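First up is the structure itself, then whatever we jot down about it.
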Amino acid sequence: MQLPTLPKANTPSIQKFITPTIRVFMPLVYYLLLSALLFGIGVAGVLLRRNAIVIFMSIELMLNAVNLTFVAFAAHLKNLEGQIFVFFVMIVAAAEVAVGLALIVAIFRVKATVFVDEINLMKW
Amino acid sequence: MAINLQSVLFFFFSVVALLSAIMMILHRNPVYSAIFLIVTFFALAGFYVLLNAPFVASVHIIVYAGAIMVLFLFVIMLLNLKRDAIRERGKIVRRVFATLLVLILLAEIAVLIGGSILSSNSDGAIAAQQTIVGLANGSSDTTTVVGNTKAIGRELFTTYILPFEIASVLLLVGIIGAVILAKRNLT
């Protein structure tokens with residue numbers, strides 16, 4: 001009586017599973033749809049919320065959705081420039097957060113609120 | 001597409017990212033919003049690892065979860081916003097309008113992605129379509145170039161040396177601007 005044999009460890013399917021040199025990515029369209037959804041959630045946060053800090057966080061979420069698109073395209077086109085651009089986007093986001101939060105703190109000192117519909121200094 | 005570790009991790013991370021992003025924009029308390037955004041950032045770092053970009057993943061964790069979100073939490077706790085939480089109730093017209101705009105935006109993006117998949121007239125379009133759908137991947141030379149920290153460093157300090165230096169100047173401007181804005185009284 002013949003017992004069923006186990007698959008050997010170095011068959012191509014298992015090899016693909018464990019070794020990092022042969023890597024099959026998820027299809028790019030999944031990543032594009034996911035980052036589109038994340039970007040849409042960020043836009044909804046900017047439009048729906050009135051707390052300036054939460055609006056700022058939604059902007060960060062949109063930047064990250066675009067970063068995900070960059071990295072997905074870099075992996076699929078086998079090109080390094082996408083990841084380098086993500087690096088620069090992160091630098092700009094860091095500088096933007098530092099200045100923006102300082103602005104929010106400065107506005108809070110004057111108006112004692114961070115809600116954007118109560119901050120109408122420039123409305124005439 | 002076969003069910004393997006890649007796809008399981010992809011769907012796990014995408015569910016985590018989308019749910020915590022939705023919770024981030026819906027939660028009343030800004031502290032909880034910040035914490036949900038940190039969860040989203042960790043899920044995005046998981047995507048970067050799946051996409052064979054460990055350098056971007058680690059820098060993402062360090063910069064976003066380590067620096068930017070700590071700054072956010074500091075400012076939220078500094079401003080003591082708890083008494084303002086009731087005022088976050090918008091008008092119904094505004095909510096409907098915002099949801100409509102987001103749906104229009106998502107429809108546009110879906111049309112763009114679907115159009116680039118379906119259009120296949122020239123050879124370039126076919127190549128682009130294969131790239132989009134993911135038929136042209138799986139070759140073994142990706143990890144030798146893409147995702148290699150050494151390669152990224154070499155590119156940054158040779159080809160992209162000028163943008164790199166400009167970015168350092170931008171960070172310096174950000175530091176000075178933050179210090180001046182936080183110090184001076186705006187009245």
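Simple scheme: letters A, B, ... for chains in structure tokens order, numbers from 1 for residues in each chain, numbers from 1 for ligands in the order shown.
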- Can you pull out every residue within 8 Å of Val92 of chain A, counting only C-alpha atoms, but drop anything in the same chain fewer than 5 positions away, and send it as a PyMOL selection string? chain B and resi 167+170-171
Let me see the file: selected residues, C-alpha atoms, as a compact mmCIF listing (two decimals), in the first residue's frame.
```txt
# COMPACT_ATOMS: atom_id res chain seq x y z
CA ALA B 167 15.17 69.24 1.51
CA LEU B 170 13.44 73.12 3.86
CA LEU B 171 13.66 71.31 7.20
```
- Tell me the residues of chain A close to chain B, meaning within 7 Å using only C-alpha atoms, as a ChimeraX atom specification. /A:21-29,36,38,40-41,43-45,47-48,50,54,71-72,75-76,78-80,83-84,91,94-95,97-99,102-103,105-106,110
- Query: What is the atom CA of Val66 of chain A to atom CA of Ser35 of chain A distance in Å?
  - Reply: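 Rounded to one decimal, the two atoms are 6.8 Å apart.
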- Item | Val116 of chain A surroundings by only C-alpha atoms, 10 Å radius, close-in-sequence under 2 positions cut, as a PyMOL selection string | chain A and resi 49-53+55+113-114+118-120
- Option closest in space to Ile104 of chain A, from A:Val46, A:Leu37, A:Tyr30, A:Phe56 [counting only C-alpha atoms]: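 Among the listed residues, A:Phe56 lies closest to Ile104 of chain A.
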